[in-house]
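Dropping upload19.tsv in here (TSV, C-alpha atoms):
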chain	number	residue	atom	x	y	z
H	1	MET	CA	0.00	0.00	0.00
H	2	PRO	CA	1.64	3.37	-1.02
H	3	THR	CA	2.86	5.65	1.77
H	4	ALA	CA	1.11	9.02	1.97
H	5	GLY	CA	3.47	12.03	1.63
H	6	PHE	CA	3.38	15.80	1.63
H	7	SER	CA	2.03	17.57	-1.38
H	8	PHE	CA	4.07	20.35	-3.00
H	9	ILE	CA	1.77	23.01	-1.53
H	10	GLU	CA	2.08	21.51	1.95
H	11	LEU	CA	5.87	21.50	1.65
H	12	MET	CA	5.90	25.15	0.63
H	13	VAL	CA	3.67	26.07	3.58
H	14	ILE	CA	5.90	24.20	6.04
H	15	MET	CA	9.07	25.77	4.60
H	16	GLY	CA	7.46	29.21	4.86
H	17	ILE	CA	6.57	28.61	8.50
H	18	LEU	CA	10.13	27.41	9.25
H	19	ALA	CA	11.62	30.47	7.51
H	20	MET	CA	9.38	32.79	9.52
H	21	LEU	CA	10.32	31.06	12.79
H	22	ALA	CA	14.01	31.25	11.85
H	23	GLY	CA	13.70	34.98	11.16
H	24	LEU	CA	12.02	35.55	14.48
H	25	SER	CA	14.68	33.50	16.26
H	26	VAL	CA	17.54	35.44	14.65
H	27	GLY	CA	15.96	38.74	15.68
H	28	TRP	CA	15.42	37.48	19.22
H	29	LEU	CA	18.98	36.14	19.45
H	30	GLN	CA	20.39	39.42	18.16
H	31	SER	CA	18.32	41.36	20.69
H	32	ALA	CA	19.35	39.01	23.48
H	33	GLY	CA	22.98	39.38	22.43
H	34	ARG	CA	22.80	43.17	22.64
H	35	VAL	CA	21.09	43.04	26.02
H	36	ASN	CA	23.77	40.59	27.12
H	37	ALA	CA	26.47	43.01	25.87
H	38	LEU	CA	25.02	45.83	27.96
H	39	GLY	CA	24.74	43.41	30.87
H	40	MET	CA	28.43	42.52	30.48
H	41	ALA	CA	29.26	46.24	30.33
H	42	ARG	CA	27.24	46.77	33.51
H	43	THR	CA	29.18	44.05	35.33
H	44	THR	CA	32.52	45.41	34.09
H	45	LEU	CA	31.80	49.00	35.14
H	46	LEU	CA	30.38	48.05	38.55
H	47	ASP	CA	33.35	45.80	39.28
H	48	ALA	CA	35.83	48.51	38.27
H	49	ALA	CA	34.11	51.20	40.38
H	50	ARG	CA	33.91	48.96	43.44
H	51	ARG	CA	37.52	47.92	42.99
H	52	ALA	CA	38.57	51.57	42.89
H	53	GLN	CA	36.54	52.23	46.04
H	54	ALA	CA	38.14	49.34	47.89
H	55	ARG	CA	41.67	50.25	46.86
H	56	SER	CA	41.37	53.90	47.85
H	57	GLN	CA	41.44	53.13	51.57
H	58	GLY	CA	44.33	53.87	53.91
H	59	GLY	CA	45.82	56.95	52.27
H	60	ARG	CA	45.77	55.54	48.73
H	61	LEU	CA	44.27	57.34	45.78
H	62	ALA	CA	42.50	55.22	43.15
H	63	THR	CA	41.72	56.55	39.68
H	64	LEU	CA	38.97	55.08	37.52
H	65	THR	CA	39.69	56.06	33.91
H	66	PHE	CA	37.16	55.81	31.07
H	67	ARG	CA	38.84	56.09	27.70
H	68	ARG	CA	38.93	54.99	24.07
H	69	SER	CA	41.92	52.99	22.93
H	70	LEU	CA	42.99	50.63	20.14
H	71	ASP	CA	42.99	46.84	20.30
H	72	GLU	CA	45.68	44.56	18.84
H	73	ASN	CA	44.10	45.01	15.40
H	74	ASP	CA	44.10	48.82	15.67
H	75	ARG	CA	40.32	48.92	16.04
H	76	PRO	CA	38.80	51.46	18.45
H	77	VAL	CA	37.58	50.03	21.73
H	78	ASP	CA	36.17	51.59	24.90
H	79	GLU	CA	37.85	50.49	28.10
H	80	VAL	CA	37.96	51.21	31.81
H	81	ALA	CA	41.13	51.13	33.91
H	82	VAL	CA	41.82	51.26	37.64
H	83	HIS	CA	45.12	52.80	38.74
H	84	VAL	CA	46.26	52.91	42.34
H	85	ALA	CA	48.54	55.61	43.73
H	86	GLU	CA	50.36	54.78	46.96
H	87	THR	CA	51.40	57.69	49.17
H	88	VAL	CA	55.16	57.69	49.64
H	89	LEU	CA	55.52	61.19	51.04
H	90	SER	CA	53.03	63.39	52.84
H	91	HIS	CA	54.25	66.55	54.50
H	92	ALA	CA	52.19	69.11	56.40
H	93	PHE	CA	55.21	71.31	57.25
H	94	GLU	CA	54.17	71.66	60.86
H	95	ARG	CA	57.55	70.32	61.94
H	96	LEU	CA	60.72	69.54	60.05
H	97	ASP	CA	60.45	65.79	60.56
H	98	GLY	CA	56.78	65.66	59.57
H	99	ALA	CA	57.31	63.36	56.60
H	100	SER	CA	55.55	60.02	56.46
H	101	GLY	CA	57.64	57.29	58.02
H	102	MET	CA	59.92	59.92	59.58
H	103	LEU	CA	62.07	60.03	56.46
H	104	PRO	CA	65.47	61.72	56.93
H	105	MET	CA	65.27	65.30	55.68
H	106	GLU	CA	67.67	68.23	55.67
H	107	ALA	CA	66.89	71.92	55.18
H	108	GLN	CA	69.46	73.74	53.03
H	109	GLY	CA	69.88	77.42	52.24
H	110	ASP	CA	67.09	79.94	52.67
H	111	VAL	CA	64.14	77.81	53.82
H	112	LYS	CA	62.17	77.88	57.04
H	113	ILE	CA	58.99	76.40	58.45
H	114	ASP	CA	56.25	78.90	59.28
H	115	PRO	CA	53.91	77.17	61.78
H	116	LEU	CA	51.04	79.62	61.20
H	117	GLY	CA	51.48	80.97	57.67
H	118	GLY	CA	50.23	78.06	55.61
H	119	ARG	CA	47.06	76.72	54.13
H	120	THR	CA	46.65	74.02	56.78
H	121	GLY	CA	48.42	75.71	59.65
H	122	GLY	CA	52.06	75.40	58.62
H	123	CYS	CA	54.12	75.76	55.47
H	124	ALA	CA	57.66	75.83	54.12
H	125	VAL	CA	58.88	79.26	53.04
H	126	PHE	CA	61.55	79.04	50.34
H	127	GLY	CA	63.88	81.87	49.51
H	128	ARG	CA	66.28	81.85	46.58
H	129	GLY	CA	68.46	78.77	46.89
H	130	GLY	CA	66.46	77.19	49.71
H	131	SER	CA	65.57	73.51	49.54
H	132	LEU	CA	64.49	70.48	51.51
H	133	ALA	CA	66.47	67.35	50.74
H	134	PHE	CA	65.36	63.79	51.48
H	135	ALA	CA	67.89	61.00	51.56
H	136	PRO	CA	67.74	58.40	48.75
H	137	GLN	CA	64.71	56.16	49.17
H	138	PRO	CA	63.47	53.20	47.08
H	139	SER	CA	59.94	54.60	47.48
H	140	PHE	CA	60.90	57.64	45.39
H	141	ALA	CA	62.08	55.44	42.50
H	142	VAL	CA	58.58	54.96	41.14
H	143	THR	CA	58.41	52.74	38.09
H	144	GLU	CA	55.04	53.42	36.46
H	145	GLY	CA	54.21	57.03	37.22
H	146	LEU	CA	53.91	59.70	39.84
H	147	GLU	CA	51.45	62.16	41.31
H	148	LEU	CA	52.14	65.40	43.14
H	149	GLU	CA	49.59	67.51	45.00
H	150	ALA	CA	50.49	70.70	46.79
H	151	TRP	CA	49.19	74.11	47.78
H	152	ILE	CA	51.58	76.71	46.35
H	153	LEU	CA	52.02	80.45	46.60
H	154	PRO	CA	54.96	81.23	44.28
H	155	THR	CA	56.89	84.49	44.34
H	156	GLY	CA	60.13	85.77	42.84
H	157	ASN	CA	61.23	86.52	39.30
H	158	ALA	CA	63.01	83.33	38.26
H	159	PRO	CA	62.14	82.21	34.69
H	160	VAL	CA	61.98	78.58	35.88
H	161	MET	CA	61.29	77.38	39.42
H	162	ALA	CA	61.52	73.67	40.18
H	163	LEU	CA	59.08	72.39	42.77
H	164	LEU	CA	60.39	68.85	42.99
H	165	ASP	CA	63.41	67.04	41.63
H	166	GLY	CA	63.87	63.26	41.74
H	167	GLU	CA	67.62	63.02	41.07
H	168	GLY	CA	67.53	62.62	37.32
H	169	CYS	CA	64.24	60.69	37.14
H	170	TYR	CA	61.63	63.43	37.15
H	171	GLU	CA	61.36	67.17	37.57
H	172	ILE	CA	58.19	69.16	38.16
H	173	ALA	CA	58.67	72.87	37.57
H	174	LEU	CA	56.86	76.17	37.25
H	175	PHE	CA	57.98	78.65	34.62
H	176	ARG	CA	56.80	82.14	33.89
H	177	ALA	CA	54.82	83.08	30.82
H	178	LEU	CA	56.28	85.56	28.34
H	179	THR	CA	53.99	88.30	29.65
H	180	GLY	CA	52.81	89.01	33.17
H	181	GLY	CA	53.62	87.06	36.29
H	182	ASP	CA	51.45	83.98	35.73
H	183	TYR	CA	52.93	80.48	35.45
H	184	ASP	CA	52.86	77.42	33.24
H	185	LEU	CA	53.60	73.91	34.52
H	186	ARG	CA	56.18	71.50	33.19
H	187	LEU	CA	56.70	67.81	33.92
H	188	ARG	CA	60.04	66.46	32.72
H	189	VAL	CA	60.33	62.68	33.00
H	190	SER	CA	63.17	60.27	32.23
H	191	LEU	CA	61.43	57.30	30.60
H	192	LYS	CA	62.49	53.74	29.91
H	193	PRO	CA	62.64	52.76	26.23
H	194	ALA	CA	59.47	50.98	25.15
H	195	ASP	CA	61.40	47.77	24.39
H	196	GLY	CA	63.49	48.00	27.55
H	197	LEU	CA	66.70	48.36	25.55
H	198	GLY	CA	68.98	51.36	25.18
H	199	GLU	CA	69.32	54.53	27.21
H	200	PRO	CA	66.36	56.25	28.95
H	201	ALA	CA	64.77	59.16	27.07
H	202	TRP	CA	63.53	62.48	28.44
H	203	ALA	CA	59.96	63.58	27.72
H	204	VAL	CA	58.71	67.08	28.54
H	205	PHE	CA	55.01	67.84	29.10
H	206	GLU	CA	53.91	71.46	29.44
H	207	THR	CA	50.70	73.39	29.94
H	208	ASP	CA	49.74	76.19	27.62
H	209	GLY	CA	48.21	79.45	28.81
H	210	ALA	CA	49.84	80.01	32.21
H	211	PRO	CA	47.12	78.46	34.42
H	212	VAL	CA	48.88	79.27	37.72
H	213	LYS	CA	47.85	82.84	38.44
H	214	ALA	CA	50.10	85.21	40.37
H	215	HIS	CA	47.19	86.68	42.31
H	216	GLY	CA	48.67	86.34	45.79
H	217	ARG	CA	46.35	83.51	46.90
H	218	TRP	CA	46.97	79.84	47.55
H	219	VAL	CA	46.60	77.63	44.47
H	220	HIS	CA	46.09	73.88	44.50
H	221	VAL	CA	48.20	72.10	41.88
H	222	ARG	CA	48.09	68.45	40.85
H	223	VAL	CA	50.62	67.06	38.41
H	224	ALA	CA	50.62	63.40	37.37
H	225	PHE	CA	52.07	61.01	34.82
H	226	ASP	CA	50.62	57.48	34.63
H	227	GLY	CA	52.85	56.09	31.90
H	228	GLN	CA	50.34	57.02	29.19
H	229	SER	CA	49.54	60.70	29.51
H	230	PRO	CA	50.30	63.69	31.74
H	231	ILE	CA	47.66	65.43	33.83
H	232	PHE	CA	47.84	69.05	34.94
H	233	GLU	CA	45.16	70.38	37.26
H	234	VAL	CA	45.00	73.83	38.81
H	235	ASP	CA	42.26	74.34	41.40
H	236	SER	CA	40.63	71.08	40.21
H	237	LEU	CA	40.43	72.20	36.57
H	238	GLU	CA	42.38	70.11	34.07
H	239	ARG	CA	44.51	72.07	31.63
H	240	SER	CA	45.58	71.28	28.10
H	241	GLN	CA	49.20	70.37	27.50
H	242	ARG	CA	51.70	70.11	24.70
H	243	THR	CA	54.27	67.37	24.51
H	244	THR	CA	57.93	67.35	23.54
H	245	ALA	CA	59.39	63.84	23.45
H	246	LEU	CA	63.17	63.52	23.19
H	247	GLY	CA	64.94	60.22	22.75
H	248	GLY	CA	68.50	59.34	23.53
H	249	ARG	CA	71.11	61.10	21.33
H	250	GLY	CA	68.47	63.22	19.63
H	251	ALA	CA	66.24	60.37	18.46
H	252	PRO	CA	62.48	60.80	18.86
H	253	ALA	CA	60.79	58.77	21.57
H	254	THR	CA	58.43	55.96	20.64
H	255	THR	CA	54.84	57.02	21.20
H	256	GLY	CA	51.59	55.16	21.79
H	257	ALA	CA	48.18	55.64	20.21
H	258	SER	CA	47.67	58.92	22.11
H	259	GLY	CA	50.95	60.37	20.83
H	260	VAL	CA	52.45	60.24	24.32
H	261	PRO	CA	55.33	57.90	25.22
H	262	ALA	CA	53.81	54.73	26.71
H	263	ARG	CA	56.75	54.05	29.00
H	264	SER	CA	57.68	53.70	32.63
H	265	ILE	CA	59.84	56.14	34.54
H	266	ALA	CA	63.53	55.20	34.45
H	267	VAL	CA	64.90	53.96	37.78
H	268	PRO	CA	68.59	54.43	38.70
H	269	PRO	CA	70.70	51.27	38.97
H	270	SER	CA	70.80	51.72	42.75
H	271	GLY	CA	67.01	51.47	42.91
H	272	ALA	CA	66.83	54.56	45.12
H	273	VAL	CA	66.21	58.24	44.39
H	274	ALA	CA	67.08	61.31	46.44
H	275	LEU	CA	64.15	63.73	46.51
H	276	ARG	CA	64.65	67.48	46.67
H	277	VAL	CA	61.93	70.10	47.14
H	278	GLY	CA	63.02	73.44	45.72
H	279	THR	CA	66.23	72.57	43.87
H	280	LEU	CA	69.44	74.59	44.20
H	281	GLY	CA	69.94	74.87	40.44
H	282	GLN	CA	66.48	76.26	39.63
H	283	PRO	CA	65.08	77.14	43.04
H	284	TYR	CA	61.42	77.44	43.92
H	285	GLN	CA	60.59	80.69	45.68
H	286	GLY	CA	57.44	81.14	47.73
H	287	ARG	CA	55.31	79.09	50.10
H	288	LEU	CA	54.55	75.39	49.83
H	289	ASP	CA	51.97	73.55	51.92
H	290	SER	CA	50.39	70.09	52.21
H	291	LEU	CA	52.84	68.38	49.89
H	292	VAL	CA	51.64	64.91	48.85
H	293	PHE	CA	53.84	62.80	46.59
H	294	ARG	CA	52.67	59.41	45.35
H	295	GLY	CA	54.13	56.62	43.30
H	296	VAL	CA	51.70	55.17	40.75
H	297	PHE	CA	51.53	51.42	40.22
H	298	ARG	CA	49.53	50.38	37.17
H	299	LEU	CA	48.27	46.80	37.04
H	300	LYS	CA	47.80	45.29	33.59
H	301	ASP	CA	44.85	43.15	34.63
H	302	ASP	CA	43.05	46.26	35.86
H	303	ILE	CA	42.51	47.48	32.29
H	304	VAL	CA	39.30	45.94	30.94
H	305	ALA	CA	37.76	46.50	27.51
H	306	LEU	CA	33.98	46.87	27.25
H	307	PRO	CA	32.09	44.48	24.92
H	308	SER	CA	32.13	45.38	21.24
H	309	GLY	CA	29.17	47.36	19.99
H	310	VAL	CA	28.73	49.51	23.09
H	311	ALA	CA	30.13	52.97	23.80
H	312	PHE	CA	29.94	55.25	26.82
H	313	GLU	CA	29.74	58.99	27.31
H	314	VAL	CA	30.02	61.21	30.37
H	315	ARG	CA	26.68	62.89	31.11
H	316	SER	CA	27.68	64.58	34.36
H	317	PRO	CA	29.81	66.68	34.64
H	318	PRO	CA	28.33	68.10	31.41
H	319	ARG	CA	30.28	68.60	28.22
H	320	THR	CA	33.05	66.26	29.38
H	321	THR	CA	35.09	64.37	26.79
H	322	LEU	CA	37.09	61.17	27.06
H	323	PRO	CA	39.38	60.21	28.64
H	324	TYR	CA	37.60	60.98	31.88
H	325	ARG	CA	39.10	60.16	35.28
H	326	VAL	CA	37.13	59.52	38.44
H	327	ARG	CA	39.18	59.80	41.62
H	328	TYR	CA	38.39	57.90	44.80
H	329	ALA	CA	39.81	58.76	48.20
H	330	ASN	CA	38.88	56.79	51.32
H	331	GLY	CA	36.18	54.87	49.47
H	332	ARG	CA	34.33	57.90	48.10
H	333	LEU	CA	34.61	60.36	45.25
H	334	ASP	CA	37.42	62.77	46.01
H	335	PRO	CA	35.62	66.02	46.93
H	336	LEU	CA	38.58	68.05	45.69
H	337	LYS	CA	38.01	66.71	42.18
H	338	HIS	CA	34.25	66.00	42.13
H	339	PRO	CA	31.90	68.73	43.40
H	340	GLU	CA	28.95	66.69	42.06
H	341	ASP	CA	27.98	63.09	41.33
H	342	VAL	CA	29.32	61.40	38.20
H	343	VAL	CA	26.86	59.93	35.65
H	344	LEU	CA	27.89	57.89	32.62
H	345	VAL	CA	25.65	56.57	29.85
H	346	VAL	CA	26.44	53.35	27.95
H	347	ARG	CA	24.59	52.83	24.68
H	348	ASP	CA	24.22	50.01	22.19
H	349	THR	CA	25.64	51.52	19.00
H	350	GLY	CA	23.70	49.03	16.88
H	351	ARG	CA	20.36	49.81	18.56
H	352	PRO	CA	20.39	53.55	19.31
H	353	ASP	CA	16.68	53.61	20.22
H	354	ASP	CA	17.02	51.07	23.04
H	355	LEU	CA	17.21	52.14	26.67
H	356	PRO	CA	20.83	52.92	27.65
H	357	LEU	CA	22.71	51.71	30.69
H	358	VAL	CA	23.03	54.58	33.18
H	359	VAL	CA	25.95	54.37	35.63
H	360	GLU	CA	25.80	56.59	38.73
H	361	LEU	CA	28.82	57.19	40.97
H	362	GLY	CA	27.68	59.24	43.95
H	363	ARG	CA	29.78	61.34	46.29
H	364	SER	CA	28.16	59.48	49.18
H	365	GLY	CA	29.75	56.23	47.96
H	366	LEU	CA	26.80	55.10	45.81
H	367	VAL	CA	27.68	52.86	42.86
H	368	ARG	CA	24.70	51.94	40.66
H	369	ALA	CA	24.08	50.89	37.05
H	370	ASP	CA	20.61	50.24	35.57
H	371	MET	CA	18.84	50.30	32.22
H	372	SER	CA	16.82	53.53	32.15
H	373	GLU	CA	16.32	56.80	30.38
H	374	ALA	CA	19.48	58.89	30.46
H	375	PRO	CA	19.04	61.93	32.74
H	376	ALA	CA	19.37	65.40	31.32
H	377	PRO	CA	22.78	67.06	31.74
H	378	ALA	CA	23.19	68.91	35.02
H	379	THR	CA	23.87	72.61	35.24
H	380	PRO	CA	27.59	73.12	34.55
H	381	THR	CA	29.80	74.00	37.45
H	382	THR	CA	31.59	77.29	37.01
H	383	PRO	CA	35.32	77.48	37.68
H	384	GLY	CA	34.66	79.73	40.64
H	385	ASN	CA	32.36	77.16	42.22
H	386	ALA	CA	34.65	74.23	41.46
H	387	ARG	CA	37.21	75.23	44.08
H	388	PRO	CA	36.69	78.52	45.91
H	389	PRO	CA	39.79	80.11	47.40
H	390	ASP	CA	38.60	79.55	50.96
H	391	SER	CA	37.37	75.97	50.56
H	392	PRO	CA	38.40	73.30	53.09
H	393	PRO	CA	42.07	72.32	53.06
H	394	LEU	CA	43.46	69.29	51.30
H	395	PRO	CA	42.80	66.25	53.50
H	396	ASN	CA	45.79	64.57	55.06
H	397	ALA	CA	46.84	61.70	52.84
H	398	GLY	CA	48.23	59.40	55.48
H	399	GLY	CA	51.36	61.08	56.82
H	400	PRO	CA	51.62	62.28	60.39
H	401	ARG	CA	50.77	65.86	61.13

Output the structure of this file as structure tokens.
Amino acid sequence: MPTAGFSFIELMVIMGILAMLAGLSVGWLQSAGRVNALGMARTTLLDAARRAQARSQGGRLATLTFRRSLDENDRPVDEVAVHVAETVLSHAFERLDGASGMLPMEAQGDVKIDPLGGRTGGCAVFGRGGSLAFAPQPSFAVTEGLELEAWILPTGNAPVMALLDGEGCYEIALFRALTGGDYDLRLRVSLKPADGLGEPAWAVFETDGAPVKAHGRWVHVRVAFDGQSPIFEVDSLERSQRTTALGGRGAPATTGASGVPARSIAVPPSGAVALRVGTLGQPYQGRLDSLVFRGVFRLKDDIVALPSGVAFEVRSPPRTTLPYRVRYANGRLDPLKHPEDVVLVVRDTGRPDDLPLVVELGRSGLVRADMSEAPAPATPTTPGNARPPDSPPLPNAGGPR
């Protein structure tokens, strides 16, 4: 007896149904994949923020950096990195031996400690040729980067005034603009060759526009180099910089994707560096208070790329471009850097109409990321409100007072 089979019309109907189901499945899988990508981004960002919070305890400063980089195939990728800065020197200048760990220090030339004339109660007053010298310490031979924070009140007419000199490894200086008495900032760093071979090369990073104003008031300055790019901040406002990279014997230094040498700071063979505040050759003149010097240790596994197909933007503070750095101190947003909460928006570039992932980093310690409508940009903070002249002093970063 013949076996009954499908007719041609029935086959066409079944194939049409299967094709429709396949189309629906592909669309659902694509949608699920995008949701999963945002979910992976949410996990990555939350983990990074909480890691920065945890590592900022005990006098450390943790920086959460959101940036765009290039992968091994030179394709753009968004990534988040956590850098940790360990305090190796914190000086309040209330007594000569007030350095962290009671480091040996010697005053030379015209320098004295004024117990009442500083920002936080005491300061070092440098005349021409005055300096404070610290004996060679392994903690000053930082390998990945450095950070310096200080309240300064410069005086004098020197064309260049060095704030800090690390015995041939790094030099942070002020220098006068061509007109007026205002100052630019310069960070001069001796860097290891990218391949580890050959002689160290000097790289010079400078601000443009004389951001340090000679207005007779205390100014908070932060200078940093993390192995990738320099940072100059004056009263919590980041300034643009120009770069001059010099290699050994006149050869240009190898640069990374950002155009800045992606190198570590050169360390002397002895593994120790003598630190001098206010060098004898190019002396700093004026008052210096609440000096905080940190060595930066960058961990490779703390740099995580976000899933492909998603991109983030900074919504608050408004009109902020990448790279953007969030600083944590003692488990919370550093109030010196962040007068308001930080909000980031992560979007699916392939589905621009979908709800974005909104990441909130609150000054109270809140860390939250949810799928929701992106909030409207907040009212911009004016430079005068970012850090008023009489705002609270820089918190002690771990050294004895």

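For segment 116-131 of chain H, the residues within 8 Å (counting all atoms listed in the file, excluding itself and residues fewer than 5 positions away along the chain) are Ala92, Phe93, Glu94, Ala107, Gln108, Gly109, Asp110, Val111, Trp151, Trp218, Arg276, Val277, Gly278, Thr279, Leu280, Gly281, Gln282, Pro283, Tyr284, Gln285, Gly286, Arg287, Leu288, Asp289, Ser290, Pro393 and Leu394 of chain H.
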
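You will find atom CA of Val358 of chain H at 19.0 Å from atom CA of Arg332 of chain H.
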
(message) Around the point (39.9, 50.3, 36.9) (coordinates from the file), which residues reach within 8 Å if we count only C-alpha atoms? Answer as an NGL selection string.
(response) :H and (48-49 or 51-52 or 63-65 or 80-83 or 302-304)

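Proximity of H:Arg319, H:Lys213, H:Arg294, H:Arg67 to Pro154 of chain H, computed with all atoms listed in the file, is greatest for H:Lys213.
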
(request) Could you check how far atom CA of Gly331 of chain H sits from atom CA of Ser236 of chain H, in Å to one decimal? (result) 19.2 Å

(message) Given only C-alpha atoms as the basis, pick out the residue of H:Leu38, H:Met105, H:Leu306, H:Val292 nearest to Leu132 of chain H.
(response) H:Met105

(message) Set the distance at 7 Å and use all atoms listed in the file: which residues neighbour Phe297 of chain H once local chain neighbours fewer than 4 positions away are removed? I'd like the list as an MDAnalysis selection string.
(response) chainID H and resid 83:85 144:145

Keeping only C-alpha atoms, write the selected residues to a file as a PDB file, keeping the file's coordinate frame.
ATOM      1  CA  HIS H  83      45.120  52.800  38.740  1.00  0.00           C
ATOM      2  CA  VAL H  84      46.260  52.910  42.340  1.00  0.00           C
ATOM      3  CA  ALA H  85      48.540  55.610  43.730  1.00  0.00           C
ATOM      4  CA  GLU H 144      55.040  53.420  36.460  1.00  0.00           C
ATOM      5  CA  GLY H 145      54.210  57.030  37.220  1.00  0.00           C
TER       6      GLY H 145
END

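Atom CA of Gly362 of chain H is positioned 26.5 Å from atom CA of Phe293 of chain H.
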
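Shortest separation to Thr320 of chain H among H:Arg368, H:Thr349, H:Arg50, H:Leu237 occurs at residue H:Leu237, atoms counted being only C-alpha atoms.
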
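Minimum atom-to-atom distance to His220 of chain H, evaluated using only C-alpha atoms, belongs to H:Leu336 out of H:Thr44, H:Leu336, H:Tyr328, H:Ala173.
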